[in-house]
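Chemist: Below: one structure in structure tokens.
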Amino acid sequence: MTDREKREKIQRAVHKDREGWLRAQRREIAALGALYLRYGRAVKLDIIDAANSDGLLVGVSAPALERAVSRKIALLAADRNDLFDWAVRASATNGAARIAPVARIAGAEMPAATIAHAESRMASWLERHVAEDGLNLSARLWRIDLGAQDKIISALRDGIRQGEAIDKTFKELLRGGAPDAATTRKIERAFGQSRAVNVGENIQKLFTRRGEKNIVFNVERVLITETNRVNGHAFIESSRDAGAIGMRWCLSPSHPRADICDDYATADKYGLGPGGYPMDAIPAFPAHPLCLCYLVPIFPWEVRK
């Protein structure tokens, strides 16, 4: 097999294995969405249960309902963190193990113990890693949770205020006699919008990707970006252990538009060919949130003079 054939075979092997990992990542994203949907339904039921006989959030203890909702959000965060922990470790495992078929093609020795060591290093590395925004993974999730709770509690308070306002208006109109038809229709519309079931459904949308202020997209973006980060860095470390002298930046086949990744994939600053970087000069990976580029190891026999 010529050096060129080996290089092409390595790139195909890396791409095939990474595509398999991306399918697993999509399953994790679906599980994350299902988790948020389940807790969104639970919060909606808490809100409906607090309604009066007219179905309005009137005379309820706002602090008590807020505490009940906050407990649900805390439980959601704990379950979500467990999912993240599993996904991060699975991504580190995949990234480290991806070197095995590559090493066979390259003719390098890669003991299983060395791969396992790269995996464990990367899983713990991500917990400590501080990104450009000054946050590690735990702090980033905490900030998202804090913002989510603010949105949900704000929507809940709006629902309580609306329910109390329409209830007061309705009672005042009844004391003044039967309202005309136009006023009756207006009250009925306001009453429908203020019912606890509607308030609950609007808040539930925040737990899905349907709502304008949904909280799921931000969490999905973190999951995709951080699992991609640990997957790529685990592969870099195991490639280093296998004797690679650098990594080649490759665009994802689904690369949607030109950005900094195109520059990384075409630059040839180090004599390693387009997209080639020595181990100590690899650009920050991933290059941006939701980046799906991948890296391929460069071995000494590829750059023989």
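Each chain in the structure tokens gets a letter, A, B and so on, in the order shown; residues start at 1 in every chain, and ligands are counted from 1 in the order they appear.
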Determine, counting only C-alpha atoms, which protein, DNA and RNA residues have an atom within 8 Å of an atom of Leu32 of chain A; residues of the same chain fewer than 3 positions away are not included. Present the result as a compact mmCIF listing (two decimals) with C-alpha atoms, in the first residue's frame.
Modeler:
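selection_5.txt, written as the output of this step:
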# COMPACT_ATOMS: atom_id res chain seq x y z
CA GLU A 28 -28.39 11.65 23.16
CA ILE A 29 -29.95 14.88 21.87
CA LEU A 35 -36.22 14.59 29.43
CA TYR A 36 -37.15 18.28 29.17
CA ARG A 80 -29.81 16.34 32.84
CA LEU A 83 -27.18 12.45 30.98
CA GLU A 220 -28.68 21.06 23.19
Chemist: Excluding Gln204 of chain A and its own-chain neighbours fewer than 2 positions away, which residues fall within 7 Å of it when counting only C-alpha atoms? Please give them as a ChimeraX atom specification.
Modeler: /A:40-41,44,200-202,206-207
Chemist: Set the distance at 12 Å and use only C-alpha atoms: which residues neighbour Ser138 of chain A once local chain neighbours fewer than 6 positions away are removed? I'd like the list as a PyMOL selection string.
Modeler: chain A and resi 77-78+80-82+84-85+126-131+144-145+219+222-223+226
Chemist: Mind checking which residues fall within 9 Å of Pro286 of chain A, counting only C-alpha atoms, ignoring those fewer than 2 positions away in the same chain, and posting them as a VMD selection string?
Modeler: chain A and resid 225 to 226 228 to 229 232 283 to 284 288 to 294
Chemist: Can I get the selection written as a PDB file, in the first residue's frame, with N, CA and C atoms?
Modeler:
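Saved to selection_16.pdb:
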ATOM      1  N   THR A 225     -21.697  20.798  21.501  1.00  0.00           N
ATOM      2  CA  THR A 225     -20.372  21.427  21.470  1.00  0.00           C
ATOM      3  C   THR A 225     -19.395  20.748  22.415  1.00  0.00           C
ATOM      4  N   GLU A 226     -19.842  20.448  23.642  1.00  0.00           N
ATOM      5  CA  GLU A 226     -18.920  19.903  24.633  1.00  0.00           C
ATOM      6  C   GLU A 226     -18.595  18.429  24.390  1.00  0.00           C
ATOM      7  N   ASN A 228     -18.520  17.168  21.426  1.00  0.00           N
ATOM      8  CA  ASN A 228     -17.619  17.268  20.282  1.00  0.00           C
ATOM      9  C   ASN A 228     -16.215  17.660  20.738  1.00  0.00           C
ATOM     10  N   ARG A 229     -16.162  18.552  21.724  1.00  0.00           N
ATOM     11  CA  ARG A 229     -14.859  18.999  22.235  1.00  0.00           C
ATOM     12  C   ARG A 229     -14.084  17.830  22.846  1.00  0.00           C
ATOM     13  N   GLY A 232     -13.068  15.191  20.211  1.00  0.00           N
ATOM     14  CA  GLY A 232     -11.927  15.591  19.397  1.00  0.00           C
ATOM     15  C   GLY A 232     -10.621  15.591  20.161  1.00  0.00           C
ATOM     16  N   PRO A 283      -5.549  24.553  16.016  1.00  0.00           N
ATOM     17  CA  PRO A 283      -6.513  25.580  16.446  1.00  0.00           C
ATOM     18  C   PRO A 283      -7.476  25.018  17.492  1.00  0.00           C
ATOM     19  N   ALA A 284      -8.036  25.911  18.281  1.00  0.00           N
ATOM     20  CA  ALA A 284      -8.994  25.497  19.306  1.00  0.00           C
ATOM     21  C   ALA A 284     -10.109  24.672  18.667  1.00  0.00           C
ATOM     22  N   HIS A 288     -16.213  26.622  16.951  1.00  0.00           N
ATOM     23  CA  HIS A 288     -17.362  27.450  17.340  1.00  0.00           C
ATOM     24  C   HIS A 288     -18.473  26.522  17.821  1.00  0.00           C
ATOM     25  N   PRO A 289     -19.491  27.051  18.494  1.00  0.00           N
ATOM     26  CA  PRO A 289     -20.610  26.202  18.914  1.00  0.00           C
ATOM     27  C   PRO A 289     -21.234  25.493  17.713  1.00  0.00           C
ATOM     28  N   LEU A 290     -21.585  24.231  17.904  1.00  0.00           N
ATOM     29  CA  LEU A 290     -22.211  23.385  16.883  1.00  0.00           C
ATOM     30  C   LEU A 290     -21.264  23.029  15.735  1.00  0.00           C
ATOM     31  N   CYS A 291     -19.985  23.308  15.888  1.00  0.00           N
ATOM     32  CA  CYS A 291     -18.996  22.918  14.869  1.00  0.00           C
ATOM     33  C   CYS A 291     -18.953  21.395  14.769  1.00  0.00           C
ATOM     34  N   LEU A 292     -18.999  20.875  13.529  1.00  0.00           N
ATOM     35  CA  LEU A 292     -18.963  19.422  13.321  1.00  0.00           C
ATOM     36  C   LEU A 292     -17.766  19.004  12.470  1.00  0.00           C
ATOM     37  N   CYS A 293     -16.757  19.858  12.380  1.00  0.00           N
ATOM     38  CA  CYS A 293     -15.527  19.467  11.690  1.00  0.00           C
ATOM     39  C   CYS A 293     -14.869  18.311  12.439  1.00  0.00           C
ATOM     40  N   TYR A 294     -13.913  17.665  11.804  1.00  0.00           N
ATOM     41  CA  TYR A 294     -13.207  16.563  12.463  1.00  0.00           C
ATOM     42  C   TYR A 294     -11.727  16.631  12.121  1.00  0.00           C
TER      43      TYR A 294
END
Chemist: Tell me which of A:Thr169, A:Asn218, A:Gln162, A:Gln25 sits closest to Asn198 of chain A, counting only C-alpha atoms.
Modeler: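 Among A:Thr169, A:Asn218, A:Gln162, A:Gln25, it is A:Gln162 that comes nearest to Asn198 of chain A.
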Chemist: Give me the residues near Val197 of chain A as an MDAnalysis selection string, where near means some atom within 10 Å (using only C-alpha atoms) and where sequence neighbours in that chain fewer than 4 positions away do not count.
Modeler: chainID A and resid 44:45 47:49 51 55:57 192:193 201:203
Chemist: Would you mind exporting C-alpha atoms of the selected residues as an mmCIF file, in the first residue's frame?
Modeler:
data_model
loop_
_atom_site.group_PDB
_atom_site.id
_atom_site.type_symbol
_atom_site.label_atom_id
_atom_site.label_comp_id
_atom_site.auth_asym_id
_atom_site.auth_seq_id
_atom_site.Cartn_x
_atom_site.Cartn_y
_atom_site.Cartn_z
ATOM 1 C CA LYS A 44 -47.848 22.036 33.716
ATOM 2 C CA LEU A 45 -49.675 19.572 35.991
ATOM 3 C CA ILE A 47 -49.921 24.647 37.633
ATOM 4 C CA ILE A 48 -53.254 23.048 36.704
ATOM 5 C CA ASP A 49 -53.554 21.447 40.152
ATOM 6 C CA ALA A 51 -56.190 26.364 39.893
ATOM 7 C CA GLY A 55 -59.704 26.924 36.336
ATOM 8 C CA LEU A 56 -57.946 30.187 37.159
ATOM 9 C CA LEU A 57 -54.806 30.797 39.198
ATOM 10 C CA GLY A 192 -59.657 31.388 28.162
ATOM 11 C CA GLN A 193 -56.169 32.855 27.940
ATOM 12 C CA GLU A 201 -49.276 24.801 28.267
ATOM 13 C CA ASN A 202 -47.468 28.066 27.488
ATOM 14 C CA ILE A 203 -44.904 27.341 30.196
#
Chemist: Taking only C-alpha atoms into account, name the residue in A:Arg248, A:Gly147, A:His233, A:Ala242 that is nearest to Val88 of chain A.
Modeler: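 That would be A:His233, the residue with the smallest distance to Val88 of chain A.
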Chemist: As a list in words, please: the residues near Glu19 of chain A (cut-off 12 Å, only C-alpha atoms, same-chain neighbours under 4 positions excluded).
Modeler: Arg12, Ala13, Val14, His15, Arg23, Ala24, Gln25, Arg26, Asn94, Gly95, Arg98, Ser252, Pro253, Ser254, Leu292, Cys293 and Tyr294 of chain A
Chemist: For Gln11 of chain A, which residue out of A:Ile105, A:Ala90, A:Ala165, A:Ala234 is the nearest one, using only C-alpha atoms?
Modeler: A:Ile105
Chemist: For a quick check of understanding, using only C-alpha atoms, which of A:Ala34, A:Ile153, A:Ile236, A:Ala96 has the smallest distance to Val296 of chain A?
Modeler: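 Using only C-alpha atoms, the shortest distance to Val296 of chain A belongs to A:Ile236.
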